[in-house]
$ cat structure_10.cif   # mmCIF, C-alpha atoms
data_my_file
#
loop_
_atom_site.label_atom_id
_atom_site.label_comp_id
_atom_site.auth_asym_id
_atom_site.auth_seq_id
_atom_site.Cartn_x
_atom_site.Cartn_y
_atom_site.Cartn_z
CA MET A 210 90.45 101.29 127.77
CA LYS A 211 88.27 99.45 125.26
CA LEU A 212 89.36 96.21 123.63
CA THR A 213 87.99 95.05 120.28
CA LEU A 214 88.44 91.68 118.60
CA ILE A 215 88.59 91.94 114.81
CA GLN A 216 88.49 89.30 112.11
CA CYS A 217 89.14 89.39 108.38
CA HIS A 218 89.83 86.68 105.81
CA PRO A 219 92.99 87.27 103.75
CA ASP A 220 92.98 85.62 100.35
CA PRO A 221 95.88 83.09 100.50
CA HIS A 222 96.71 83.40 96.78
CA ARG A 223 96.62 87.19 96.79
CA LEU A 224 98.63 87.24 100.02
CA ALA A 225 101.37 85.03 98.57
CA ALA A 226 101.45 87.15 95.42
CA TRP A 227 101.63 90.38 97.49
CA ALA A 228 104.51 89.04 99.57
CA THR A 229 106.42 87.93 96.47
CA ARG A 230 105.70 91.11 94.53
CA PHE A 231 107.07 93.38 97.23
CA GLY A 232 109.85 91.04 98.38
CA LEU A 233 108.34 90.52 101.81
CA THR A 234 109.39 86.93 102.42
CA ALA A 235 113.15 86.93 101.71
CA GLY A 236 112.93 83.19 101.20
CA GLY A 237 111.24 82.74 104.56
CA ASP A 238 108.10 80.72 105.22
CA ASP A 239 106.41 83.22 107.56
CA LEU A 240 103.94 85.73 106.09
CA GLY A 241 103.89 87.85 109.25
CA TYR A 242 105.78 90.74 107.69
CA ALA A 243 103.54 90.79 104.62
CA LEU A 244 100.44 90.87 106.84
CA HIS A 245 102.07 93.58 108.96
CA THR A 246 102.53 95.81 105.91
CA LEU A 247 99.00 95.11 104.65
CA LEU A 248 97.44 95.98 108.01
CA ALA A 249 99.53 99.16 108.16
CA SER A 250 98.41 100.06 104.63
CA ALA A 251 94.76 99.57 105.54
CA PHE A 252 94.64 101.00 109.06
CA GLY A 253 97.72 103.22 109.42
CA ASP A 254 98.67 103.95 113.02
CA ALA A 255 95.59 101.98 114.12
CA ALA A 256 96.94 98.74 112.59
CA PRO A 257 95.88 96.01 115.05
CA LYS A 258 98.36 93.99 117.06
CA PRO A 259 98.82 91.42 118.33
CA PHE A 260 97.29 89.29 115.60
CA ARG A 261 97.19 85.63 114.60
CA TYR A 262 96.75 84.31 111.07
CA PHE A 263 95.11 80.89 110.73
CA GLY A 264 94.79 80.59 106.96
CA ASP A 265 91.59 79.95 105.01
CA THR A 266 89.23 78.71 107.72
CA ARG A 267 89.48 81.26 110.53
CA GLY A 268 91.36 83.98 108.71
CA LEU A 269 93.11 86.65 110.78
CA LEU A 270 92.17 87.55 114.34
CA ALA A 271 93.54 90.58 116.18
CA TYR A 272 93.03 92.72 119.25
CA THR A 273 92.96 96.51 119.11
CA THR A 274 92.15 99.36 121.48
CA HIS A 275 90.96 101.57 118.62
CA ALA A 276 87.27 102.28 118.07
CA PRO A 277 85.46 99.73 115.87
CA GLU A 278 83.77 102.51 113.90
CA ALA A 279 87.11 104.05 112.91
CA LEU A 280 88.49 100.64 111.92
CA ALA A 281 85.41 99.86 109.81
CA LEU A 282 85.74 103.20 108.01
CA ALA A 283 89.44 102.58 107.35
CA ALA A 284 88.61 99.15 105.95
CA GLN A 285 86.05 100.65 103.58
CA VAL A 286 88.45 103.25 102.15
CA ALA A 287 91.48 100.91 101.85
CA ALA A 288 93.15 100.66 98.45
CA PRO A 289 91.47 98.03 96.23
CA ASP A 290 94.45 95.63 96.23
CA VAL A 291 94.84 95.88 100.01
CA TYR A 292 91.07 95.47 100.49
CA ALA A 293 90.99 92.35 98.31
CA THR A 294 94.15 90.78 99.75
CA LEU A 295 93.07 91.21 103.38
CA GLY A 296 89.54 90.05 102.57
CA LEU A 297 88.03 93.18 104.12
CA ASP A 298 84.69 92.46 102.50
CA ARG A 299 84.24 90.07 105.45
CA PHE A 300 85.64 92.45 108.07
CA ALA A 301 83.97 92.00 111.47
CA THR A 302 84.46 93.38 114.98
CA ARG A 303 83.06 92.77 118.44
CA ASP A 304 83.72 94.09 121.91
CA PHE A 305 86.03 91.86 123.94
CA PRO A 306 85.72 91.52 127.73
CA LEU A 307 87.99 93.68 129.85
CA THR A 308 86.36 92.98 133.22
CA TRP A 309 87.63 89.80 134.82
CA SER A 310 87.25 88.49 138.35
CA PRO A 311 90.30 87.40 140.34
CA GLY A 312 90.40 83.62 140.31
CA HIS A 313 88.58 83.34 136.95
CA ARG A 314 89.86 80.25 135.11
CA LEU A 315 90.31 80.42 131.34
CA GLY A 316 91.60 78.11 128.67
CA PHE A 317 94.14 79.69 126.35
CA GLU A 318 96.13 79.18 123.17
CA ILE A 319 99.03 81.29 121.97
CA ARG A 320 101.65 81.35 119.25
CA THR A 321 104.89 82.82 120.60
CA ARG A 322 108.46 83.75 119.74
CA PRO A 323 110.27 82.62 122.93
CA ILE A 324 113.33 84.84 122.69
CA LEU A 325 115.19 87.31 124.87
CA ARG A 326 117.38 90.30 124.10
CA THR A 327 121.03 89.90 125.10
CA ALA A 328 123.24 92.56 126.64
CA GLN A 329 124.62 93.10 123.14
CA GLY A 330 121.15 93.90 121.84
CA LYS A 331 120.74 90.66 119.88
CA GLU A 332 117.81 88.26 120.03
CA ARG A 333 118.44 84.82 121.48
CA ASP A 334 116.30 81.68 121.73
CA VAL A 335 115.54 81.30 125.47
CA PHE A 336 116.25 77.56 125.28
CA LEU A 337 119.69 78.08 123.74
CA ALA A 338 120.40 80.79 126.31
CA ALA A 339 119.50 78.34 129.08
CA LEU A 340 121.85 75.74 127.59
CA ASP A 341 124.67 78.27 127.49
CA ALA A 342 124.08 79.12 131.14
CA GLN A 343 124.52 75.49 132.27
CA PRO A 344 128.10 74.44 133.06
CA ASP A 345 127.40 70.89 131.87
CA GLY A 346 125.92 72.06 128.59
CA GLY A 347 122.34 71.76 129.89
CA GLU A 348 122.00 68.09 128.96
CA ALA A 349 119.09 67.64 131.39
CA LEU A 350 117.13 70.62 130.08
CA SER A 351 114.16 70.19 127.77
CA ARG A 352 112.96 72.76 125.28
CA GLU A 353 109.33 72.38 126.45
CA THR A 354 110.26 73.01 130.09
CA ILE A 355 112.32 76.12 129.34
CA TYR A 356 109.70 77.56 127.01
CA ALA A 357 106.92 76.85 129.52
CA GLU A 358 108.83 78.64 132.28
CA TRP A 359 109.38 81.60 129.96
CA LEU A 360 105.64 81.71 129.23
CA ARG A 361 104.78 81.48 132.93
CA THR A 362 106.94 84.54 133.56
CA GLU A 363 105.41 86.48 130.67
CA LEU A 364 101.83 85.75 131.73
CA ALA A 365 102.64 86.71 135.32
CA ARG A 366 103.81 90.24 134.40
CA GLY A 367 102.00 92.79 136.51
CA ASP A 368 100.57 89.89 138.51
CA ALA A 369 98.18 89.49 135.57
CA SER A 370 97.67 85.72 135.68
CA ALA A 371 99.09 82.39 136.76
CA ILE A 372 99.36 79.28 134.62
CA GLU A 373 97.58 76.25 136.02
CA HIS A 374 98.51 73.92 133.17
CA VAL A 375 100.44 74.39 129.94
CA GLN A 376 101.63 72.20 127.09
CA LEU A 377 103.71 72.78 123.99
CA ASP A 378 101.50 71.85 121.03
CA GLY A 379 103.92 72.69 118.26
CA PHE A 380 107.44 73.91 117.62
CA ARG A 381 109.44 74.82 114.54
CA LEU A 382 112.00 77.33 113.37
CA SER A 383 110.37 79.90 111.11
CA ALA A 384 111.99 82.59 108.98
CA GLY A 385 110.65 85.98 107.98
CA LEU A 386 111.55 89.60 107.41
CA ARG A 387 112.19 92.19 110.10
CA LYS A 388 113.43 95.77 109.94
CA GLY A 389 117.08 96.18 110.88
CA ALA A 390 118.79 99.07 112.63
CA SER A 391 118.47 102.50 111.06
CA SER A 392 121.22 103.43 108.62
CA ALA A 393 121.30 106.91 107.05
CA GLY A 394 117.58 107.28 107.70
CA LYS A 395 116.71 103.86 106.28
CA ARG A 396 115.78 100.63 108.03
CA PRO A 397 116.66 97.78 105.67
CA ALA A 398 114.67 94.58 105.99
CA ARG A 399 116.59 91.42 106.86
CA ARG A 400 115.77 87.74 107.09
CA VAL A 401 115.64 86.33 110.60
CA THR A 402 115.02 82.78 111.82
CA GLY A 403 113.74 82.02 115.28
CA PRO A 404 111.70 79.69 117.48
CA ASP A 405 108.00 79.47 116.70
CA ALA A 406 106.09 77.78 119.53
CA VAL A 407 102.36 77.17 120.04
CA PHE A 408 101.07 76.55 123.57
CA SER A 409 97.69 75.72 125.08
CA GLY A 410 96.61 75.38 128.66
CA VAL A 411 94.62 76.84 131.53
CA LEU A 412 95.34 80.04 133.44
CA THR A 413 93.86 81.87 136.39
CA VAL A 414 93.31 85.63 136.40
CA ARG A 415 95.04 87.31 139.32
CA ASP A 416 94.92 91.07 138.74
CA PRO A 417 92.00 92.01 136.42
CA ALA A 418 93.51 95.30 135.23
CA GLY A 419 96.89 93.68 134.65
CA PHE A 420 95.26 90.85 132.71
CA ALA A 421 93.31 93.27 130.50
CA ALA A 422 96.53 95.17 129.76
CA LEU A 423 98.30 91.90 128.96
CA LEU A 424 95.62 90.93 126.44
CA ALA A 425 95.82 94.30 124.71
CA ARG A 426 99.63 94.34 124.58
CA GLY A 427 100.29 90.69 123.72
CA ILE A 428 103.03 88.33 124.90
CA GLY A 429 106.72 88.51 124.10
CA ARG A 430 108.37 90.02 121.05
CA HIS A 431 107.34 90.26 117.36
CA ARG A 432 103.75 91.02 118.32
CA ALA A 433 103.24 93.06 115.14
CA PHE A 434 104.17 90.04 113.01
CA GLY A 435 101.70 87.36 114.08
CA PHE A 436 103.02 86.34 117.52
CA GLY A 437 101.82 86.91 121.06
CA MET A 438 98.03 87.00 120.72
CA LEU A 439 96.45 85.32 123.74
CA LEU A 440 93.32 83.51 122.56
CA LEU A 441 90.83 82.56 125.28
CA ARG A 442 88.21 79.84 125.62
CA PRO A 443 86.33 77.97 128.38
CA PRO A 444 88.74 75.79 130.38
CA ALA A 445 86.56 72.71 129.90
CA SER A 446 87.52 72.63 126.21
CA CYS A 447 91.27 72.41 126.88
#
$ encode --input "structure_10.cif" --output "structure tokens"
Amino acid sequence: MKLTLIQCHPDPHRLAAWATRFGLTAGGDDLGYALHTLLASAFGDAAPKPFRYFGDTRGLLAYTTHAPEALALAAQVAAPDVYATLGLDRFATRDFPLTWSPGHRLGFEIRTRPILRTAQGKERDVFLAALDAQPDGGEALSRETIYAEWLRTELARGDASAIEHVQLDGFRLSAGLRKGASSAGKRPARRVTGPDAVFSGVLTVRDPAGFAALLARGIGRHRAFGFGMLLLRPPASC
């Protein structure tokens, strides 16, 4: 497997206009669905995920296992409005490390959607689910603690890594569009609101192959809409 980090610089004004023009916000404040459709328009089945959109300064970062040459060609032949909105004139790629040593310490940052799927097939905030599970109403539970435990579990999948330190840097409820269940061959878009949490911390690589797979896949749900991209940095900067 090969992992590539890509970067482009969406034009904020064009992006807002695109989302409004095609009804891709539904009154929500999250542009994840609009970016999802733009990336699909430009790259088709090779649309990168997970991704993270930072706005003007850093633009959009994403991981992909597709070849950089194929992505660059797709960017060049994208429709003019898609090309301009995604800022593909500044499209860049670089190889991202896939070989890690057990015990390697890394700083990280991640934007997540800390939710779970219930037995009824619905999405539920993991904090609210934890409150429901407590006979006393979970008065002693904190949102940061529950979210941190959820993240520890996610990062430990496949024995990929272990969190050494983690903190919740930001939390809000954000709304955006998602495709609903199929009905007569159609999947109508609907507005959903859910937890939007940003974490930073330090982790230790445990299983190198598992960690590489975790990076490529992303963390949690809604990875195609701007959540779940694990950004890495030297631990000394955390």
$ resolve_selection --input "structure_10.cif" --expression "the PyMOL selection byres ((chain A and resi 228-230) around 12)" --output "list in words"
Pro221, His222, Arg223, Leu224, Ala225, Ala226, Trp227, Phe231, Gly232, Leu233, Thr234, Ala235, Gly236, Gly237, Asp238, Asp239, Leu240, Gly241, Tyr242, Ala243, Leu244, His245, Thr246, Leu247, Val291, Thr294, Gly385 and Leu386 of chain A
$ resolve_selection --input "structure_10.cif" --expression "the PyMOL selection byres ((chain A and resi 298-307) around 9)" --output "compact mmCIF listing (two decimals) with C-alpha atoms, in the frame of the given file"
# COMPACT_ATOMS: atom_id res chain seq x y z
CA MET A 210 90.45 101.29 127.77
CA LYS A 211 88.27 99.45 125.26
CA LEU A 212 89.36 96.21 123.63
CA THR A 213 87.99 95.05 120.28
CA LEU A 214 88.44 91.68 118.60
CA ILE A 215 88.59 91.94 114.81
CA GLN A 216 88.49 89.30 112.11
CA CYS A 217 89.14 89.39 108.38
CA HIS A 218 89.83 86.68 105.81
CA TYR A 272 93.03 92.72 119.25
CA PRO A 277 85.46 99.73 115.87
CA LEU A 280 88.49 100.64 111.92
CA ALA A 281 85.41 99.86 109.81
CA ALA A 284 88.61 99.15 105.95
CA GLN A 285 86.05 100.65 103.58
CA TYR A 292 91.07 95.47 100.49
CA ALA A 293 90.99 92.35 98.31
CA LEU A 295 93.07 91.21 103.38
CA GLY A 296 89.54 90.05 102.57
CA LEU A 297 88.03 93.18 104.12
CA THR A 308 86.36 92.98 133.22
CA TRP A 309 87.63 89.80 134.82
CA PRO A 417 92.00 92.01 136.42
CA ALA A 418 93.51 95.30 135.23
CA PHE A 420 95.26 90.85 132.71
CA ALA A 421 93.31 93.27 130.50
CA ALA A 422 96.53 95.17 129.76
CA LEU A 424 95.62 90.93 126.44
$ atom_distance --input "structure_10.cif" --atom1 "CA of Ile319 in chain A" --atom2 "CA of Pro444 in chain A"
14.4 Å
$ residues_around --input "structure_10.cif" --residues "Phe336 in chain A" --least-positions-apart "6" --cutoff "9 Å" --atoms "only C-alpha atoms" --output "ChimeraX atom specification"
/A:323-324,350-356
$ closest_residue --input "structure_10.cif" --among "A:Gly403, A:Gly435, A:Gly427, A:Pro289" --to "Asp334 in chain A" --atoms "all atoms listed in the file"
A:Gly403
$ atom_distance --input "structure_10.cif" --atom1 "CA of Gly367 in chain A" --atom2 "CA of Phe317 in chain A"
18.3 Å
$ atom_distance --input "structure_10.cif" --atom1 "CA of Thr321 in chain A" --atom2 "CA of Arg432 in chain A"
8.6 Å
$ closest_residue --input "structure_10.cif" --among "A:Arg333, A:Lys258, A:Arg314, A:His431" --to "Ala271 in chain A" --atoms "only C-alpha atoms"
A:Lys258
$ resolve_selection --input "structure_10.cif" --expression "the PyMOL selection byres ((chain A and resi 252) around 10)" --output "ChimeraX atom specification"
/A:246-251,253-257,279-284,286-287
$ axis_aligned_box --input "structure_10.cif" --around "range 319-332 of chain A" --padding-each-side "3 Å" --output "lines of an AutoDock Vina configuration file"
center_x = 111.8
center_y = 87.6
center_z = 122.9
size_x = 31.6
size_y = 18.6
size_z = 13.4
$ closest_residue --input "structure_10.cif" --among "A:Phe380, A:Ala365, A:Leu423, A:Phe434" --to "Ala406 in chain A" --atoms "only C-alpha atoms"
A:Phe380
$ residues_around --input "structure_10.cif" --residues "Asp378 in chain A" --least-positions-apart "4" --cutoff "7 Å" --atoms "all atoms listed in the file" --output "number ranges by chain"
A: 407-409
$ residues_around --input "structure_10.cif" --residues "Val411 in chain A" --least-positions-apart "2" --cutoff "12 Å" --atoms "all atoms listed in the file" --output "MDAnalysis selection string"
chainID A and resid 312:319 361 364 370:376 408:409 413:414 439:447
$ closest_residue --input "structure_10.cif" --among "A:Thr362, A:Pro259, A:Leu412, A:Leu270" --to "Ala425 in chain A" --atoms "all atoms listed in the file"
A:Pro259
$ build_atoms --input "structure_10.cif" --residues "range 411-435 of chain A" --atoms "N, CA and C atoms" --output "short mmCIF file (atom, residue, chain, number, x, y, z; two decimals), in the frame of the given file"
data_model
loop_
_atom_site.label_atom_id
_atom_site.label_comp_id
_atom_site.auth_asym_id
_atom_site.auth_seq_id
_atom_site.Cartn_x
_atom_site.Cartn_y
_atom_site.Cartn_z
N VAL A 411 95.61 76.19 130.68
CA VAL A 411 94.62 76.84 131.53
C VAL A 411 95.34 77.83 132.42
N LEU A 412 94.77 79.02 132.57
CA LEU A 412 95.34 80.04 133.44
C LEU A 412 94.28 80.54 134.40
N THR A 413 94.74 81.24 135.42
CA THR A 413 93.86 81.87 136.39
C THR A 413 94.16 83.36 136.43
N VAL A 414 93.13 84.18 136.31
CA VAL A 414 93.31 85.63 136.40
C VAL A 414 93.65 85.99 137.83
N ARG A 415 94.67 86.84 137.98
CA ARG A 415 95.04 87.31 139.32
C ARG A 415 94.66 88.79 139.49
N ASP A 416 95.26 89.66 138.70
CA ASP A 416 94.92 91.07 138.74
C ASP A 416 94.13 91.43 137.48
N PRO A 417 92.83 91.77 137.60
CA PRO A 417 92.00 92.01 136.42
C PRO A 417 92.54 93.11 135.50
N ALA A 418 92.99 94.21 136.06
CA ALA A 418 93.51 95.30 135.23
C ALA A 418 94.80 94.87 134.53
N GLY A 419 95.65 94.17 135.25
CA GLY A 419 96.89 93.68 134.65
C GLY A 419 96.62 92.68 133.54
N PHE A 420 95.60 91.84 133.72
CA PHE A 420 95.26 90.85 132.71
C PHE A 420 94.70 91.52 131.46
N ALA A 421 93.86 92.52 131.64
CA ALA A 421 93.31 93.27 130.50
C ALA A 421 94.43 93.93 129.71
N ALA A 422 95.40 94.52 130.43
CA ALA A 422 96.53 95.17 129.76
C ALA A 422 97.38 94.14 129.01
N LEU A 423 97.52 92.95 129.59
CA LEU A 423 98.30 91.90 128.96
C LEU A 423 97.65 91.45 127.65
N LEU A 424 96.33 91.31 127.65
CA LEU A 424 95.62 90.93 126.44
C LEU A 424 95.84 91.96 125.34
N ALA A 425 95.70 93.24 125.70
CA ALA A 425 95.82 94.30 124.71
C ALA A 425 97.24 94.41 124.16
N ARG A 426 98.23 94.20 125.01
CA ARG A 426 99.63 94.34 124.58
C ARG A 426 100.12 93.12 123.82
N GLY A 427 99.76 91.92 124.29
CA GLY A 427 100.29 90.69 123.72
C GLY A 427 101.50 90.21 124.50
N ILE A 428 101.98 89.01 124.14
CA ILE A 428 103.03 88.33 124.90
C ILE A 428 104.32 88.27 124.10
N GLY A 429 105.41 88.67 124.73
CA GLY A 429 106.72 88.51 124.10
C GLY A 429 106.99 89.51 122.99
N ARG A 430 107.94 89.15 122.13
CA ARG A 430 108.37 90.02 121.05
C ARG A 430 107.70 89.62 119.73
N HIS A 431 107.86 90.48 118.72
CA HIS A 431 107.34 90.26 117.36
C HIS A 431 105.82 90.22 117.33
N ARG A 432 105.21 91.01 118.22
CA ARG A 432 103.75 91.02 118.32
C ARG A 432 103.08 91.63 117.09
N ALA A 433 103.81 92.45 116.35
CA ALA A 433 103.24 93.06 115.14
C ALA A 433 103.38 92.15 113.92
N PHE A 434 103.90 90.94 114.13
CA PHE A 434 104.17 90.04 113.01
C PHE A 434 103.50 88.68 113.16
N GLY A 435 102.46 88.60 113.99
CA GLY A 435 101.70 87.36 114.08
C GLY A 435 101.96 86.53 115.32
#
